[in-house]
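Raw start00.cif, mmCIF, C-alpha atoms:
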```cif
data_data
#
loop_
_atom_site.label_atom_id
_atom_site.label_comp_id
_atom_site.auth_asym_id
_atom_site.auth_seq_id
_atom_site.Cartn_x
_atom_site.Cartn_y
_atom_site.Cartn_z
CA MET R 1 55.31 147.47 92.37
CA THR R 2 55.43 144.98 95.26
CA ILE R 3 56.88 141.51 94.71
CA ALA R 4 55.06 139.25 97.13
CA PHE R 5 57.60 136.52 97.89
CA THR R 6 57.86 134.83 101.25
CA ARG R 7 61.26 133.37 102.02
CA ARG R 8 59.96 129.81 101.66
CA ASP R 9 58.14 130.52 98.40
CA ALA R 10 61.17 132.21 96.89
CA LEU R 11 63.48 129.36 97.79
CA ARG R 12 61.06 126.69 96.66
CA THR R 13 60.32 128.41 93.34
CA LEU R 14 63.66 129.82 92.32
CA SER R 15 66.08 127.51 94.17
CA CYS R 16 69.31 128.83 95.53
CA GLY R 17 72.86 130.07 95.27
CA PHE R 18 75.60 132.61 95.79
CA GLY R 19 75.36 135.95 94.05
CA TYR R 20 77.75 138.29 92.24
CA ALA R 21 78.87 141.36 94.18
CA ALA R 22 79.11 143.46 91.05
CA PHE R 23 75.33 143.82 90.89
CA ALA R 24 73.15 146.26 92.77
CA GLY R 25 71.87 145.22 96.14
CA MET R 26 74.95 143.34 97.37
CA SER R 27 76.88 144.38 100.41
CA THR R 28 80.54 145.34 100.62
CA GLU R 29 81.15 142.31 102.85
CA ALA R 30 79.72 139.94 100.27
CA SER R 31 81.84 141.58 97.59
CA ALA R 32 85.01 141.05 99.58
CA ASP R 33 84.32 137.36 100.20
CA PHE R 34 83.06 136.33 96.80
CA GLN R 35 85.25 134.77 94.11
CA ASN R 36 83.74 134.16 90.69
CA PRO R 37 84.33 130.43 89.92
CA LEU R 38 84.43 131.20 86.18
CA THR R 39 87.21 133.77 86.39
CA PRO R 40 90.19 132.78 84.19
CA LYS R 41 92.70 130.78 86.23
CA ALA R 42 96.45 130.31 86.09
CA THR R 43 97.69 127.28 84.15
CA HIS R 44 100.26 124.75 85.34
CA HIS R 45 102.55 125.53 82.41
CA GLU R 46 102.55 127.66 79.27
CA PRO R 47 99.47 126.64 77.24
CA ARG R 48 99.54 125.98 73.52
CA ALA R 49 95.75 126.14 73.19
CA LYS R 50 93.22 128.51 74.73
CA ARG R 51 90.11 126.55 73.84
CA VAL R 52 88.82 123.23 72.49
CA ILE R 53 86.32 122.45 69.75
CA PHE R 54 85.36 118.77 69.88
CA LEU R 55 83.74 117.42 66.71
CA CYS R 56 81.89 114.36 68.01
CA MET R 57 80.83 111.79 65.42
CA ARG R 58 78.41 109.68 67.42
CA GLY R 59 78.11 106.03 66.39
CA GLY R 60 81.67 104.95 65.56
CA PRO R 61 83.05 106.22 62.21
CA SER R 62 84.70 103.60 60.03
CA HIS R 63 88.42 104.36 60.24
CA VAL R 64 89.36 102.00 57.39
CA ASP R 65 87.13 104.03 55.06
CA THR R 66 88.16 107.50 56.20
CA PHE R 67 91.58 108.11 57.78
CA ASP R 68 93.34 104.73 58.12
CA CYS R 69 94.56 103.59 54.71
CA LYS R 70 94.94 99.78 54.50
CA PRO R 71 96.35 98.53 51.15
CA ASP R 72 96.41 94.93 52.46
CA LEU R 73 92.68 95.08 53.05
CA ALA R 74 92.17 95.72 49.33
CA LYS R 75 94.74 93.08 48.37
CA ASP R 76 93.10 90.41 50.54
CA ASN R 77 89.51 91.44 49.84
CA GLY R 78 87.14 88.48 50.22
CA LYS R 79 89.52 86.31 52.24
CA PRO R 80 88.54 84.99 55.68
CA ALA R 81 89.16 87.52 58.43
CA PRO R 82 91.79 86.68 61.07
CA GLN R 83 90.16 85.00 64.09
CA GLN R 84 86.80 85.49 62.33
CA LYS R 85 86.91 82.76 59.71
CA ALA R 86 83.14 82.93 59.15
CA ARG R 87 83.54 86.52 57.99
CA LYS R 88 85.32 87.85 54.96
CA LEU R 89 87.49 90.92 54.69
CA MET R 90 85.88 93.80 52.82
CA GLN R 91 88.00 96.44 51.13
CA SER R 92 87.03 100.07 51.34
CA PRO R 93 84.66 101.16 48.55
CA TRP R 94 86.57 104.46 48.50
CA LYS R 95 90.06 105.35 47.37
CA PHE R 96 92.75 106.88 49.53
CA GLU R 97 95.02 109.49 48.01
CA GLN R 98 97.98 111.42 49.37
CA HIS R 99 97.38 115.10 50.08
CA GLY R 100 99.43 118.16 50.96
CA GLU R 101 103.16 118.45 51.22
CA SER R 102 103.05 115.75 53.89
CA GLY R 103 101.38 113.25 51.58
CA LEU R 104 98.87 112.33 54.25
CA PRO R 105 96.52 109.54 52.98
CA ILE R 106 92.88 110.59 53.26
CA SER R 107 89.80 108.94 51.77
CA ASN R 108 88.10 110.68 48.87
CA LEU R 109 85.04 110.89 51.14
CA PHE R 110 86.65 114.11 52.43
CA PRO R 111 87.67 116.22 49.42
CA HIS R 112 87.39 119.52 51.30
CA LEU R 113 89.11 118.39 54.46
CA ALA R 114 91.89 116.80 52.42
CA LYS R 115 93.00 120.30 51.43
CA HIS R 116 93.97 120.77 55.09
CA ALA R 117 96.08 117.61 55.25
CA ASP R 118 99.12 119.50 56.49
CA ASP R 119 97.08 120.78 59.47
CA LEU R 120 95.83 117.32 60.50
CA CYS R 121 97.44 114.91 62.92
CA LEU R 122 95.89 111.50 62.24
CA ILE R 123 95.88 109.36 65.38
CA ASN R 124 95.55 105.83 63.99
CA GLY R 125 96.35 103.89 67.15
CA MET R 126 93.27 104.62 69.25
CA GLN R 127 92.07 101.77 71.42
CA GLY R 128 89.03 101.41 73.66
CA GLU R 129 87.72 98.95 76.23
CA VAL R 130 84.15 98.07 75.32
CA PRO R 131 82.61 97.93 71.81
CA ASN R 132 79.18 99.04 73.04
CA HIS R 133 77.83 102.52 72.43
CA PRO R 134 76.63 103.47 75.97
CA GLN R 135 79.86 102.52 77.72
CA ALA R 136 82.25 103.73 75.02
CA TYR R 137 80.44 107.04 74.54
CA LEU R 138 80.56 107.80 78.26
CA LYS R 139 84.23 106.83 78.40
CA LEU R 140 84.93 109.24 75.53
CA HIS R 141 83.18 112.08 77.35
CA THR R 142 83.96 111.44 81.03
CA GLY R 143 86.85 108.98 81.20
CA SER R 144 84.62 106.40 82.91
CA PHE R 145 81.63 104.25 82.04
CA ARG R 146 81.27 102.53 85.43
CA PHE R 147 80.60 105.62 87.54
CA VAL R 148 79.07 109.07 87.08
CA ARG R 149 82.01 111.40 86.51
CA PRO R 150 82.48 115.01 85.30
CA SER R 151 82.78 115.49 81.56
CA VAL R 152 85.94 116.64 79.80
CA GLY R 153 84.37 120.05 79.22
CA ALA R 154 83.47 120.42 82.90
CA TRP R 155 87.02 119.54 83.98
CA THR R 156 88.39 122.04 81.45
CA LEU R 157 86.14 124.82 82.74
CA TYR R 158 86.97 123.93 86.35
CA GLY R 159 90.68 124.10 85.59
CA LEU R 160 90.76 127.21 83.41
CA GLY R 161 87.64 129.29 83.97
CA THR R 162 86.39 131.23 80.96
CA GLU R 163 87.25 134.44 79.14
CA ASN R 164 83.71 135.77 78.75
CA GLN R 165 81.60 136.17 81.90
CA ASN R 166 78.44 136.83 79.87
CA LEU R 167 78.46 133.42 78.20
CA PRO R 168 78.67 129.81 79.38
CA GLY R 169 82.25 128.58 79.38
CA PHE R 170 81.16 125.18 78.06
CA ILE R 171 78.59 124.84 75.27
CA THR R 172 77.41 121.68 73.55
CA LEU R 173 75.46 121.93 70.28
CA ASN R 174 72.93 119.24 69.32
CA PRO R 175 74.17 116.80 72.01
CA GLU R 176 73.27 113.12 72.04
CA SER R 177 70.24 112.66 74.29
CA ARG R 178 69.89 108.87 74.32
CA VAL R 179 73.41 107.49 74.85
CA GLY R 180 74.61 108.88 78.18
CA GLY R 181 72.33 111.90 78.00
CA ALA R 182 73.30 114.83 80.20
CA GLN R 183 76.23 112.90 81.68
CA ASN R 184 78.15 113.63 78.47
CA TYR R 185 78.28 117.31 79.39
CA GLY R 186 77.53 117.14 83.09
CA SER R 187 79.65 118.21 86.05
CA ALA R 188 78.87 115.26 88.39
CA PHE R 189 80.51 116.10 91.74
CA LEU R 190 82.17 119.28 90.45
CA PRO R 191 80.21 122.48 91.21
CA ALA R 192 77.18 122.77 88.95
CA ILE R 193 78.42 125.98 87.33
CA TYR R 194 80.95 123.88 85.36
CA GLN R 195 78.39 121.74 83.51
CA GLY R 196 77.78 122.34 79.81
CA THR R 197 74.97 124.43 78.39
CA ALA R 198 73.12 122.30 75.85
CA ILE R 199 71.57 123.88 72.76
CA GLY R 200 69.28 121.65 70.72
CA GLN R 201 69.72 117.89 70.48
CA VAL R 202 71.17 115.44 68.00
CA ASN R 203 69.32 115.11 64.66
CA GLN R 204 67.36 118.30 65.39
CA PRO R 205 67.78 121.19 62.92
CA LEU R 206 69.99 123.69 64.71
CA ASP R 207 68.18 126.69 63.28
CA ARG R 208 65.13 125.61 65.31
CA ALA R 209 67.08 125.08 68.53
CA LYS R 210 66.45 127.72 71.17
CA ILE R 211 67.62 128.44 74.69
CA GLY R 212 64.55 128.38 76.87
CA ASN R 213 63.53 131.54 78.75
CA ILE R 214 66.41 133.58 77.32
CA ALA R 215 64.06 136.56 77.02
CA ASN R 216 61.60 137.96 79.57
CA SER R 217 58.56 139.56 77.99
CA ARG R 218 57.01 140.56 81.32
CA PHE R 219 59.69 142.46 83.24
CA SER R 220 62.25 145.06 82.30
CA THR R 221 65.93 144.37 82.89
CA GLU R 222 65.92 146.67 85.91
CA LEU R 223 62.93 144.93 87.47
CA GLN R 224 64.44 141.50 86.80
CA ARG R 225 67.59 142.63 88.56
CA GLN R 226 65.60 143.78 91.58
CA GLN R 227 63.71 140.50 91.71
CA LEU R 228 66.89 138.48 91.42
CA ASN R 229 68.59 140.53 94.13
CA LEU R 230 65.74 139.70 96.49
CA VAL R 231 66.04 135.99 95.81
CA GLN R 232 69.84 136.09 96.08
CA ASP R 233 69.64 137.79 99.48
CA LEU R 234 67.29 135.09 100.72
CA ASN R 235 69.52 132.37 99.39
CA ARG R 236 72.64 133.89 100.89
CA ASP R 237 70.87 133.82 104.26
CA LEU R 238 70.13 130.13 103.73
CA LEU R 239 73.69 129.49 102.62
CA ALA R 240 74.96 131.16 105.80
CA GLU R 241 72.81 128.75 107.81
CA LYS R 242 74.05 125.69 105.93
CA GLU R 243 77.63 127.01 105.84
CA VAL R 244 78.53 124.59 102.99
CA SER R 245 76.21 123.81 100.09
CA PRO R 246 77.60 123.35 96.56
CA GLU R 247 74.03 123.04 95.29
CA LEU R 248 73.04 126.44 96.67
CA GLU R 249 76.15 128.08 95.28
CA GLY R 250 75.90 126.42 91.87
CA VAL R 251 72.29 127.23 91.09
CA ILE R 252 72.52 130.91 91.96
CA GLU R 253 75.71 131.25 89.97
CA SER R 254 73.73 129.83 87.06
CA TYR R 255 70.96 132.39 87.70
CA GLU R 256 73.46 135.23 87.49
CA LEU R 257 74.99 133.83 84.32
CA ALA R 258 71.53 133.39 82.80
CA PHE R 259 70.73 137.02 83.60
CA ARG R 260 73.81 138.21 81.76
CA MET R 261 73.23 135.80 78.87
CA GLN R 262 69.96 137.51 77.96
CA SER R 263 71.75 140.13 75.90
CA ALA R 264 74.88 138.27 74.81
CA MET R 265 73.55 134.88 73.71
CA PRO R 266 70.82 135.86 71.20
CA GLN R 267 73.25 138.16 69.39
CA LEU R 268 75.89 135.45 69.20
CA MET R 269 73.51 132.82 67.85
CA ASP R 270 72.18 135.13 65.15
CA VAL R 271 74.34 134.42 62.08
CA SER R 272 72.45 136.84 59.83
CA ASN R 273 75.21 139.39 60.18
CA GLU R 274 77.75 137.01 58.64
CA SER R 275 78.75 137.72 55.03
CA GLN R 276 77.29 135.60 52.26
CA GLU R 277 80.82 134.42 51.48
CA THR R 278 81.13 133.04 55.02
CA LEU R 279 77.70 131.38 54.93
CA ASP R 280 78.56 129.76 51.60
CA LEU R 281 81.93 128.66 52.94
CA TYR R 282 80.24 126.67 55.72
CA GLY R 283 77.47 125.37 53.48
CA VAL R 284 74.73 127.22 55.36
CA GLY R 285 71.63 127.20 53.18
CA SER R 286 72.52 123.98 51.39
CA LYS R 287 70.28 121.06 52.34
CA GLN R 288 73.15 118.62 52.81
CA THR R 289 75.44 120.81 54.88
CA ASP R 290 73.17 123.41 56.51
CA ASN R 291 72.74 121.80 59.92
CA PHE R 292 76.36 120.90 60.64
CA GLY R 293 77.50 124.01 58.83
CA ARG R 294 75.56 126.10 61.34
CA GLN R 295 77.15 124.16 64.19
CA CYS R 296 80.64 124.82 62.86
CA LEU R 297 79.91 128.49 62.23
CA LEU R 298 78.52 128.92 65.74
CA ALA R 299 81.58 127.11 67.10
CA ARG R 300 83.79 129.73 65.50
CA ARG R 301 81.61 132.54 66.89
CA PHE R 302 81.63 131.01 70.39
CA ALA R 303 85.39 130.49 70.25
CA GLU R 304 85.91 134.05 69.10
CA ALA R 305 83.72 135.29 71.97
CA GLY R 306 85.80 133.47 74.60
CA VAL R 307 83.93 130.21 75.23
CA ARG R 308 86.43 127.69 76.57
CA TYR R 309 85.03 124.29 75.48
CA ILE R 310 82.65 123.72 72.56
CA GLU R 311 81.28 120.37 71.45
CA LEU R 312 79.42 119.67 68.21
CA CYS R 313 77.61 116.41 67.58
CA HIS R 314 76.73 114.60 64.35
CA ALA R 315 74.98 111.24 64.11
CA ASN R 316 74.51 108.47 63.08
CA TRP R 317 77.78 106.76 62.08
CA ASP R 318 76.64 103.28 63.21
CA GLN R 319 76.62 101.57 59.82
CA HIS R 320 76.08 97.82 60.22
CA GLY R 321 74.41 97.96 56.83
CA GLY R 322 74.04 100.44 54.00
CA LEU R 323 77.64 101.58 54.46
CA LYS R 324 78.12 103.06 51.00
CA ALA R 325 75.05 105.29 51.08
CA LYS R 326 75.09 106.20 54.76
CA LEU R 327 78.80 106.92 55.15
CA THR R 328 78.71 108.97 51.96
CA ALA R 329 75.86 111.00 53.44
CA ASN R 330 77.62 111.48 56.79
CA CYS R 331 80.83 112.67 55.21
CA GLY R 332 78.99 114.83 52.71
CA ALA R 333 77.18 116.60 55.55
CA THR R 334 80.33 117.27 57.60
CA ASP R 335 83.27 117.55 55.19
CA GLN R 336 82.70 121.07 53.88
CA PRO R 337 81.66 122.57 57.26
CA ILE R 338 84.71 121.15 59.06
CA ALA R 339 87.05 122.34 56.33
CA ALA R 340 85.38 125.76 56.50
CA LEU R 341 85.91 125.89 60.27
CA LEU R 342 89.62 125.20 59.82
CA SER R 343 89.91 127.80 57.05
CA ASP R 344 87.96 130.42 58.99
CA LEU R 345 89.96 129.93 62.18
CA LYS R 346 93.22 130.05 60.24
CA ARG R 347 92.42 133.29 58.44
CA ARG R 348 91.45 134.88 61.77
CA GLY R 349 94.71 133.75 63.36
CA MET R 350 92.83 131.47 65.79
CA LEU R 351 93.73 127.96 64.64
CA LYS R 352 97.13 128.10 66.34
CA ASP R 353 95.50 128.37 69.78
CA THR R 354 92.27 126.44 69.11
CA LEU R 355 92.52 122.68 69.58
CA ILE R 356 90.25 120.79 67.18
CA VAL R 357 89.52 117.14 68.00
CA TRP R 358 87.49 114.86 65.69
CA GLY R 359 86.31 111.39 66.60
CA GLY R 360 83.74 108.95 67.89
CA GLU R 361 83.47 106.30 70.57
CA PHE R 362 85.16 103.57 68.51
CA GLY R 363 85.77 102.45 64.93
CA ARG R 364 84.47 99.65 62.74
CA THR R 365 85.59 96.23 61.65
CA PRO R 366 87.11 95.54 58.21
CA HIS R 367 84.54 92.74 57.96
CA ALA R 368 80.85 92.39 58.81
CA LYS R 369 77.89 90.04 58.76
CA LYS R 370 76.29 92.05 55.98
CA ALA R 371 77.90 92.63 52.60
CA ASP R 372 77.49 96.41 52.81
CA GLY R 373 78.26 97.19 56.41
CA ARG R 374 80.78 97.13 59.23
CA ASP R 375 80.42 96.24 62.91
CA HIS R 376 81.76 97.79 66.11
CA ASN R 377 85.52 97.76 66.68
CA ALA R 378 87.11 99.18 69.84
CA THR R 379 90.51 97.47 69.56
CA GLY R 380 91.80 99.86 66.91
CA PHE R 381 90.42 103.04 65.34
CA SER R 382 91.21 106.65 64.44
CA THR R 383 90.71 110.20 65.58
CA TRP R 384 92.47 113.37 64.49
CA THR R 385 93.50 116.73 65.84
CA ALA R 386 94.32 120.09 64.30
CA GLY R 387 95.65 123.39 65.63
CA GLY R 388 96.12 124.14 69.30
CA GLY R 389 99.79 123.18 69.41
CA THR R 390 99.49 119.83 67.64
CA LYS R 391 101.79 118.82 64.79
CA GLY R 392 99.96 118.56 61.48
CA GLY R 393 100.76 116.50 58.42
CA GLN R 394 101.57 113.30 60.27
CA ARG R 395 100.19 109.94 61.38
CA VAL R 396 100.70 108.86 64.98
CA GLY R 397 100.07 105.24 65.96
CA MET R 398 99.12 102.34 63.74
CA THR R 399 96.71 99.44 63.49
CA ASP R 400 97.56 96.05 61.99
CA GLU R 401 97.51 95.43 58.26
CA TYR R 402 93.71 95.17 58.19
CA GLY R 403 92.83 97.86 60.74
CA ILE R 404 91.57 95.47 63.42
CA THR R 405 93.88 96.15 66.35
CA ALA R 406 96.15 99.01 67.40
CA VAL R 407 99.72 97.72 67.34
CA GLU R 408 101.93 100.81 67.56
CA ASN R 409 101.80 103.84 69.86
CA LYS R 410 98.47 102.75 71.30
CA MET R 411 96.37 105.59 72.68
CA GLY R 412 93.33 105.26 74.94
CA PHE R 413 90.83 107.91 75.96
CA HIS R 414 92.78 108.65 79.16
CA ASP R 415 95.82 109.40 76.98
CA LEU R 416 93.75 111.60 74.68
CA HIS R 417 92.32 113.51 77.64
CA ALA R 418 95.73 113.90 79.28
CA THR R 419 97.14 115.30 76.04
CA MET R 420 94.22 117.69 75.57
CA LEU R 421 94.67 119.07 79.09
CA HIS R 422 98.43 119.36 78.53
CA LEU R 423 97.88 121.48 75.43
CA LEU R 424 95.59 123.72 77.49
CA GLY R 425 98.35 124.22 80.05
CA LEU R 426 97.04 121.74 82.63
CA GLU R 427 98.84 118.71 84.04
CA HIS R 428 96.27 115.94 84.24
CA THR R 429 97.79 114.53 87.44
CA ARG R 430 97.47 117.91 89.17
CA LEU R 431 93.95 118.80 88.05
CA THR R 432 92.11 117.20 90.95
CA TYR R 433 88.96 117.70 93.01
CA ARG R 434 88.46 116.29 96.49
CA TYR R 435 85.19 114.40 96.82
CA ALA R 436 84.07 111.68 99.21
CA GLY R 437 87.43 111.68 100.93
CA ARG R 438 89.71 111.27 97.92
CA ASP R 439 91.16 113.33 95.10
CA PHE R 440 89.56 112.63 91.73
CA ARG R 441 90.88 113.53 88.30
CA LEU R 442 89.69 113.17 84.71
CA THR R 443 92.25 110.47 83.92
CA ASP R 444 91.76 108.52 87.18
CA VAL R 445 95.16 106.87 87.85
CA TYR R 446 95.97 106.45 84.16
CA GLY R 447 96.83 108.58 81.15
CA ARG R 448 99.99 109.81 79.48
CA VAL R 449 100.71 112.89 77.40
CA VAL R 450 101.39 111.70 73.85
CA ASP R 451 104.38 113.86 72.95
CA GLU R 452 104.39 112.68 69.34
CA ILE R 453 101.35 114.77 68.45
CA LEU R 454 102.77 117.99 69.94
CA ALA R 455 104.17 120.61 67.58
#
```
Output the file's structure as structure tokens, nothing else.
Amino acid sequence: MTIAFTRRDALRTLSCGFGYAAFAGMSTEASADFQNPLTPKATHHEPRAKRVIFLCMRGGPSHVDTFDCKPDLAKDNGKPAPQQKARKLMQSPWKFEQHGESGLPISNLFPHLAKHADDLCLINGMQGEVPNHPQAYLKLHTGSFRFVRPSVGAWTLYGLGTENQNLPGFITLNPESRVGGAQNYGSAFLPAIYQGTAIGQVNQPLDRAKIGNIANSRFSTELQRQQLNLVQDLNRDLLAEKEVSPELEGVIESYELAFRMQSAMPQLMDVSNESQETLDLYGVGSKQTDNFGRQCLLARRFAEAGVRYIELCHANWDQHGGLKAKLTANCGATDQPIAALLSDLKRRGMLKDTLIVWGGEFGRTPHAKKADGRDHNATGFSTWTAGGGTKGGQRVGMTDEYGITAVENKMGFHDLHATMLHLLGLEHTRLTYRYAGRDFRLTDVYGRVVDEILA
């Protein structure tokens, strides 16, 4: 069979890149020069975590109703709010109880997760810059809302590589498509191979989400390989002419990864071989928990297979009104799956080297215009971590008596990112990439490692 590609047609149609020497059709010289950018890399120091699973709650979860217990808010319920005299303080409709040997206070919105209290490190002193979703969400994911910057996952993959060359090193499940879009998992000026692979989109049932063109119904694997070798040879010629072209290198690297993914990815996303006990544990099959339960189950499967950075997304936590019904629904959909993920990782011996991070772009006010709602609050809110070398059963940082402002051990997104990289064995000040004449890093010129959360 003759494949009728001219050089120009091939480049225009299939784009460009830098191929893998391990495949047929590549020369010895190319093999000697090529270095796989996804190969696992040496860390700056001994890592405590091998991978990250980020549980992103898009919309700003109410910290004073979930993980930041405020007795004074209940005591002063109905009184004018400080510096907001036109608004009245509103106590949490839910009770906080102490759980585990640590006595960690957790809202009864999370009965399943509360059983893991001794694994959780509640970070109650988070603080942001802007109480607007677009800016805060980008800051959470990239460390900047003013400029296009690489995402946390892209920096992680750039710094560490990945343990499975047949899978993307960075996967995002049901990502937010409206607030920040692809920037939340993009690579910006880093090589394109480090961007995240998105599966589905937020509010879409995950069981319907597919990876486009993962199967080729027209050509056999052997014929695909021959076709790809032809295109790679043409693109290597073009790369030799250009001498330097990150775009050419990145796209072809993606082609090679996509070729290998054809066999590995469909098997990994098929959860039918999981036991019924495991499916029930995650809530798969239950209307309330099925979608996020599938995300959490796939996160465990991806982590087990060697994926370096995995993000899950759940929305919408933006409750200006209807707080009681909507927050109950959000927590009901995520509580059991998250607890199942922690249990499953622990019984497989993986929680100790898997860093779990839960959080959103900001928190919510202890008061609001509406009687059954809370507004945006970036001056003080909560996130939490588990596993991956963090110390469970403790609270780090504190907001004021009503949960309005962080007042003790304040922690911004740069600090969170610096600490995440530290746990992965990377010093945030040394993980840099030269672009436009200067060295860039995830934390810009800021960030500190928060030692208090380390085990």
Please tabulate, as a Markdown table, the residues of region 295-390 of chain R that come within 12 Å of region 185-189 of chain R, each with its closest pair of atoms and the distance in Å to one decimal, counting all atoms listed in the file and ordering rows by chain, then residue number upward.
```
| residue | atom | partner | partner_atom | distance |
| --- | --- | --- | --- | --- |
| R:Tyr309 | CA | R:Tyr185 | CA | 10.5 |
| R:Ile310 | CA | R:Tyr185 | CA | 10.3 |
| R:Glu311 | CA | R:Tyr185 | CA | 9.0 |
| R:Leu312 | CA | R:Tyr185 | CA | 11.5 |
| R:Cys313 | CA | R:Tyr185 | CA | 11.9 |
```
Residues matched by the PyMOL selection byres ((chain R and resi 401) around 12) as a PyMOL selection string: chain R and resi 64+68-76+81-82+89+91+366+380+398-400+402-408
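Our summary of the geometry notes that CA of Val284 (chain R) is positioned 10.8 Å from CA of Ala340 (chain R).
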To test your reading of the syntax: which residues would the PyMOL selection byres ((chain R and resi 354) around 7) return for the file shown? Reply as a PDB file with C-alpha atoms, in the frame of the given file.
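Saved to selection-v3.pdb:
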```pdb
ATOM      1  CA  ALA R  49      95.750 126.140  73.190  1.00  0.00           C
ATOM      2  CA  LYS R  50      93.220 128.510  74.730  1.00  0.00           C
ATOM      3  CA  ARG R  51      90.110 126.550  73.840  1.00  0.00           C
ATOM      4  CA  VAL R  52      88.820 123.230  72.490  1.00  0.00           C
ATOM      5  CA  MET R 350      92.830 131.470  65.790  1.00  0.00           C
ATOM      6  CA  LEU R 351      93.730 127.960  64.640  1.00  0.00           C
ATOM      7  CA  LYS R 352      97.130 128.100  66.340  1.00  0.00           C
ATOM      8  CA  ASP R 353      95.500 128.370  69.780  1.00  0.00           C
ATOM      9  CA  LEU R 355      92.520 122.680  69.580  1.00  0.00           C
ATOM     10  CA  ILE R 356      90.250 120.790  67.180  1.00  0.00           C
ATOM     11  CA  GLY R 387      95.650 123.390  65.630  1.00  0.00           C
ATOM     12  CA  GLY R 388      96.120 124.140  69.300  1.00  0.00           C
TER      13      GLY R 388
END
```
Residue with smallest distance to Asp415 (chain R) - pool R:Arg58, R:Ala117, R:Gln394, R:Thr443, counting all atoms listed in the file: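 Closest to Asp415 (chain R), using all atoms listed in the file: R:Thr443.
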Closest of R:Asp290, R:Glu129, R:Asp233, R:Glu243 to Leu206 (chain R) - atom-to-atom distances counting all atoms listed in the file: R:Asp290
The PyMOL selection byres ((chain R and resi 116) around 10) applied to the shown file, residues as number ranges by chain: R: 99-100, 104, 111-115, 117-120, 339, 342-343, 386, 392-393
For region 87-102 of chain R, supply N, CA and C atoms and report the output as a PDB file, in the frame of the given file.
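Contents of selection_20.pdb, as written:
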```
ATOM      1  N   ARG R  87      83.737  85.227  58.637  1.00  0.00           N
ATOM      2  CA  ARG R  87      83.540  86.520  57.990  1.00  0.00           C
ATOM      3  C   ARG R  87      84.663  86.788  56.995  1.00  0.00           C
ATOM      4  N   LYS R  88      84.341  87.550  55.990  1.00  0.00           N
ATOM      5  CA  LYS R  88      85.320  87.850  54.960  1.00  0.00           C
ATOM      6  C   LYS R  88      85.729  89.325  55.012  1.00  0.00           C
ATOM      7  N   LEU R  89      86.990  89.557  54.735  1.00  0.00           N
ATOM      8  CA  LEU R  89      87.490  90.920  54.690  1.00  0.00           C
ATOM      9  C   LEU R  89      86.819  91.693  53.567  1.00  0.00           C
ATOM     10  N   MET R  90      86.537  92.957  53.821  1.00  0.00           N
ATOM     11  CA  MET R  90      85.880  93.800  52.820  1.00  0.00           C
ATOM     12  C   MET R  90      86.695  95.071  52.615  1.00  0.00           C
ATOM     13  N   GLN R  91      87.214  95.252  51.429  1.00  0.00           N
ATOM     14  CA  GLN R  91      88.000  96.440  51.130  1.00  0.00           C
ATOM     15  C   GLN R  91      87.129  97.694  51.181  1.00  0.00           C
ATOM     16  N   SER R  92      87.776  98.816  51.330  1.00  0.00           N
ATOM     17  CA  SER R  92      87.030 100.070  51.340  1.00  0.00           C
ATOM     18  C   SER R  92      86.484 100.363  49.952  1.00  0.00           C
ATOM     19  N   PRO R  93      85.222 100.762  49.859  1.00  0.00           N
ATOM     20  CA  PRO R  93      84.660 101.160  48.550  1.00  0.00           C
ATOM     21  C   PRO R  93      85.248 102.472  48.037  1.00  0.00           C
ATOM     22  N   TRP R  94      86.043 103.159  48.877  1.00  0.00           N
ATOM     23  CA  TRP R  94      86.570 104.460  48.500  1.00  0.00           C
ATOM     24  C   TRP R  94      88.089 104.407  48.373  1.00  0.00           C
ATOM     25  N   LYS R  95      88.621 105.299  47.581  1.00  0.00           N
ATOM     26  CA  LYS R  95      90.060 105.350  47.370  1.00  0.00           C
ATOM     27  C   LYS R  95      90.710 106.314  48.372  1.00  0.00           C
ATOM     28  N   PHE R  96      91.928 105.985  48.724  1.00  0.00           N
ATOM     29  CA  PHE R  96      92.750 106.880  49.530  1.00  0.00           C
ATOM     30  C   PHE R  96      93.813 107.499  48.633  1.00  0.00           C
ATOM     31  N   GLU R  97      93.993 108.797  48.776  1.00  0.00           N
ATOM     32  CA  GLU R  97      95.020 109.490  48.010  1.00  0.00           C
ATOM     33  C   GLU R  97      95.864 110.340  48.958  1.00  0.00           C
ATOM     34  N   GLN R  98      97.098 110.587  48.560  1.00  0.00           N
ATOM     35  CA  GLN R  98      97.980 111.420  49.370  1.00  0.00           C
ATOM     36  C   GLN R  98      97.703 112.891  49.116  1.00  0.00           C
ATOM     37  N   HIS R  99      97.728 113.674  50.189  1.00  0.00           N
ATOM     38  CA  HIS R  99      97.380 115.100  50.080  1.00  0.00           C
ATOM     39  C   HIS R  99      98.406 115.956  50.814  1.00  0.00           C
ATOM     40  N   GLY R 100      98.546 117.188  50.342  1.00  0.00           N
ATOM     41  CA  GLY R 100      99.430 118.160  50.960  1.00  0.00           C
ATOM     42  C   GLY R 100     100.890 117.827  50.769  1.00  0.00           C
ATOM     43  N   GLU R 101     101.720 118.687  51.288  1.00  0.00           N
ATOM     44  CA  GLU R 101     103.160 118.450  51.220  1.00  0.00           C
ATOM     45  C   GLU R 101     103.549 117.214  52.039  1.00  0.00           C
ATOM     46  N   SER R 102     102.762 116.909  53.039  1.00  0.00           N
ATOM     47  CA  SER R 102     103.050 115.750  53.890  1.00  0.00           C
ATOM     48  C   SER R 102     102.667 114.433  53.241  1.00  0.00           C
TER      49      SER R 102
END
```
